[in-house]
Amino acid sequence: MIDNREIVEKKKLGLGAVTVITVLAIILVVAGVICVMRLIGKNKVYGSAVGTETTDIGTKDDSLEENQIMYKGKVYELNEDLVTVLVMGIDKETVTEVGGQSWDADGEFAGGQADALFLMVINPHDKNVYIVAINRNSMADVDVFDENGKYQGIFTKQIALQHGYGDGKEESCERQVKAVSRMFHNIPINSYAAISMDSIPELNDELGGITVEVLDDIVYPEYDMNLHAGETVTLYGEKAYWYIRLRNENVFNSNELRLQRQKQYLTTFAAEAKNQATADVRVAVNLYNTVSKYMVTDIDINSFTYLVTEFINYDFDVENMYSLQGEVIQGENFEEFYVDDDALQELIVKLFYEPV
């Protein structure tokens with residue numbers, strides 16, 4: 001005689017085993033999907049780079065291999081495992097519509113100026129992330145187009161204007177990447193992310209606010225800003241936006257003061273995002289979903305998955321952040337920053353090359 005309780009128990013065991021197998025299968029599928037996404041993302045990140053022409057840093061001779069240079073008597077080789085991303089903060093407040101085209105107040109064809117420019121360098125060899133802050137007023141070779149999109153040639157202008165000569169989307173980004181790569185002696189740039197400054201309040205509050213020590217007086221009653229150097233404050237909402245956006249145009253070299261605030265905020269934001277994302281990967285996903293509404297980028301979800309999972313534990317602090325050296329002069333209408341090319345070449349060799 002068969003015990004019904006035994007049958008029921010066997011059914012329970014059977015269902016339990018099936019459940020476990022199903023869960024394991026789902027885990028394996030998810031893990032497989034992530035691995036595939038990482039692989040696709042890695043191939044995409046490393047497979048598309050602007051600026052692959054031969055650099056003119058140092059000297060070349062027949063004894064050197066293709067990616068090697070002679071610099072100050074030593075042989076260096078380009079680190080081809082680097083991932084470089086140009087991050088652009090785009091300001092479109094000055095844009096108006098004239099005859100169906102976007103123009104700024106100075107009559108430039110405008111997809112929005114790149115008010116903030118940061119070149120992010122991810123180095124798998126020493127597991128560090130480096131940031132190079134580029135002064136928006138850096139005088140560089142800029143590809144100029146007229147209102148009909150016809151190419152006019154290369155002119156020396158503030159590098160922030162390059163983004164404006166385009167559609168405000170992929171075209172503008174690609175032209176900005178090309179200009180920055182050219183300024184950096186054709187160093188390869190793998191990806192770009194152009195983020196509207198309007199995103200700052202929402203991104204800032206996604207992390208629960210960002211705490212900083214105020215670097216200089218920011219007193220603008222019309223924007224409800226009354227911050228003084230040395231104060232420690234937690235920025236929320238619009239205050240975060242204005243902290244990195246405002247500058248006193250009556251003060252000479254005001255953009256450099258603002259750039260220091262942008263560097264400080266970016267470093268602090270990145271550190272806080274890393275800490276929270278390490279504890280809960282959903283933080284990174286939420287930030288990506290939030291910024292996607294304000295961003296033009298060639299970093300798709302596969303590339304994002306690869307970058308986050310591969311580099312989230314890399315070191316990044318204020319010591320890894322650099323500014324270009326140079327001289328500011330007052331131009332006919334606006335400030336002009338002239339990069340010290342010797343110092344730039346030295347920085348490029350330090351971050352992008354390794355001694356042989």
# chains A, B, ... in the order shown; residues from 1 in each chain; ligands from 1

$ residues_around --residues "segment 332-338 of chain A" --least-positions-apart "6" --cutoff "6 Å" --atoms "only C-alpha atoms" --output "list in words"
Asn137, Ser138, Met139 and Gly326 of chain A

$ residues_around --residues "segment 83-86 of chain A" --least-positions-apart "6" --cutoff "9 Å" --atoms "only C-alpha atoms" --output "ChimeraX atom specification"
/A:45-46,49,117-124,176-177,180,188-194

$ write_last_selection --atoms "C-alpha atoms" --output "mmCIF file, in the first residue's frame"
data_model
loop_
_atom_site.group_PDB
_atom_site.id
_atom_site.type_symbol
_atom_site.label_atom_id
_atom_site.label_comp_id
_atom_site.auth_asym_id
_atom_site.auth_seq_id
_atom_site.Cartn_x
_atom_site.Cartn_y
_atom_site.Cartn_z
ATOM 1 C CA VAL A 45 34.842 50.790 -26.411
ATOM 2 C CA TYR A 46 38.220 49.737 -27.792
ATOM 3 C CA ALA A 49 38.696 55.726 -31.431
ATOM 4 C CA LEU A 117 35.491 69.814 -20.934
ATOM 5 C CA PHE A 118 37.066 66.899 -19.109
ATOM 6 C CA LEU A 119 39.164 64.141 -20.638
ATOM 7 C CA MET A 120 38.812 60.966 -18.567
ATOM 8 C CA VAL A 121 41.662 58.474 -18.851
ATOM 9 C CA ILE A 122 41.103 54.956 -17.467
ATOM 10 C CA ASN A 123 44.313 52.968 -17.048
ATOM 11 C CA PRO A 124 43.964 49.188 -16.491
ATOM 12 C CA GLN A 176 34.431 68.315 -30.457
ATOM 13 C CA VAL A 177 36.205 64.981 -29.939
ATOM 14 C CA VAL A 180 40.345 67.843 -28.509
ATOM 15 C CA PRO A 188 43.070 58.473 -29.375
ATOM 16 C CA ILE A 189 39.710 59.205 -27.702
ATOM 17 C CA ASN A 190 37.441 56.165 -27.465
ATOM 18 C CA SER A 191 34.077 57.647 -26.478
ATOM 19 C CA TYR A 192 32.215 60.817 -25.608
ATOM 20 C CA ALA A 193 29.396 61.957 -23.356
ATOM 21 C CA ALA A 194 27.852 65.406 -23.795
#

$ atom_distance --atom1 "atom CA of Ala160 of chain A" --atom2 "atom CA of Gly89 of chain A"
9.8 Å

$ closest_residue --among "A:Glu346, A:Leu259, A:Asn186, A:Gly166" --to "Lys150 of chain A" --atoms "only C-alpha atoms"
A:Gly166

$ closest_residue --among "A:Met70, A:Val214, A:Ala270, A:Leu82" --to "Asn226 of chain A" --atoms "only C-alpha atoms"
A:Val214

$ atom_distance --atom1 "atom CA of Val328 of chain A" --atom2 "atom CA of Leu161 of chain A"
17.1 Å

$ atom_distance --atom1 "atom CA of Tyr294 of chain A" --atom2 "atom CA of His163 of chain A"
15.8 Å

$ closest_residue --among "A:Pro355, A:Gly331, A:Gly168, A:Gly112" --to "Tyr76 of chain A" --atoms "only C-alpha atoms"
A:Pro355

$ select_by_dssp --residues "segment 130-218 of chain A" --states "helix (DSSP H, G or I)" --output "PyMOL selection string"
chain A and resi 159-164+170-183+197-206

$ select_by_dssp --residues "segment 232-345 of chain A" --states "strand (DSSP E)" --output "compact mmCIF listing (two decimals) with N, CA and C atoms, in the first residue's frame"
# COMPACT_ATOMS: atom_id res chain seq x y z
N THR A 232 31.77 75.01 4.59
CA THR A 232 31.44 73.65 4.18
C THR A 232 29.94 73.55 4.04
N VAL A 233 29.48 73.22 2.84
CA VAL A 233 28.03 73.19 2.58
C VAL A 233 27.69 71.92 1.82
N THR A 234 26.46 71.47 1.99
CA THR A 234 25.93 70.39 1.17
C THR A 234 25.03 70.99 0.12
N LEU A 235 25.37 70.75 -1.13
CA LEU A 235 24.64 71.34 -2.25
C LEU A 235 23.46 70.46 -2.64
N MET A 295 21.60 63.51 -22.06
CA MET A 295 22.92 63.18 -22.59
C MET A 295 22.88 62.73 -24.04
N VAL A 296 23.93 63.11 -24.77
CA VAL A 296 24.23 62.55 -26.08
C VAL A 296 25.55 61.81 -25.94
N THR A 297 25.55 60.51 -26.23
CA THR A 297 26.76 59.72 -26.03
C THR A 297 26.80 58.55 -27.01
N MET A 321 43.78 64.34 -10.79
CA MET A 321 43.11 65.34 -11.61
C MET A 321 44.11 66.42 -12.02
N TYR A 322 44.15 66.72 -13.31
CA TYR A 322 45.13 67.67 -13.84
C TYR A 322 44.43 68.81 -14.57
N SER A 323 45.10 69.96 -14.58
CA SER A 323 44.65 71.10 -15.39
C SER A 323 45.75 71.44 -16.38
N GLY A 326 49.13 77.13 -18.81
CA GLY A 326 49.13 78.09 -19.89
C GLY A 326 48.96 79.50 -19.39
N GLU A 327 48.65 80.41 -20.30
CA GLU A 327 48.55 81.83 -19.99
C GLU A 327 47.21 82.38 -20.49
N VAL A 328 46.58 83.19 -19.66
CA VAL A 328 45.32 83.83 -20.03
C VAL A 328 45.59 85.28 -20.41
N ILE A 329 45.06 85.68 -21.57
CA ILE A 329 45.15 87.09 -21.95
C ILE A 329 43.75 87.57 -22.33
N GLN A 330 43.55 88.86 -22.28
CA GLN A 330 42.27 89.41 -22.67
C GLN A 330 42.25 89.64 -24.18
N GLU A 335 38.19 86.38 -23.03
CA GLU A 335 39.46 85.85 -22.55
C GLU A 335 39.94 84.72 -23.45
N GLU A 336 41.27 84.64 -23.60
CA GLU A 336 41.86 83.60 -24.41
C GLU A 336 42.94 82.90 -23.59
N PHE A 337 42.87 81.57 -23.56
CA PHE A 337 43.83 80.77 -22.80
C PHE A 337 44.77 80.07 -23.78
N TYR A 338 46.06 80.36 -23.65
CA TYR A 338 47.05 79.78 -24.55
C TYR A 338 47.80 78.67 -23.81
N VAL A 339 47.61 77.45 -24.27
CA VAL A 339 48.16 76.28 -23.61
C VAL A 339 49.68 76.24 -23.76

$ closest_residue --among "A:Lys239, A:Leu78, A:Gln325, A:Tyr165" --to "Tyr223 of chain A" --atoms "only C-alpha atoms"
A:Lys239
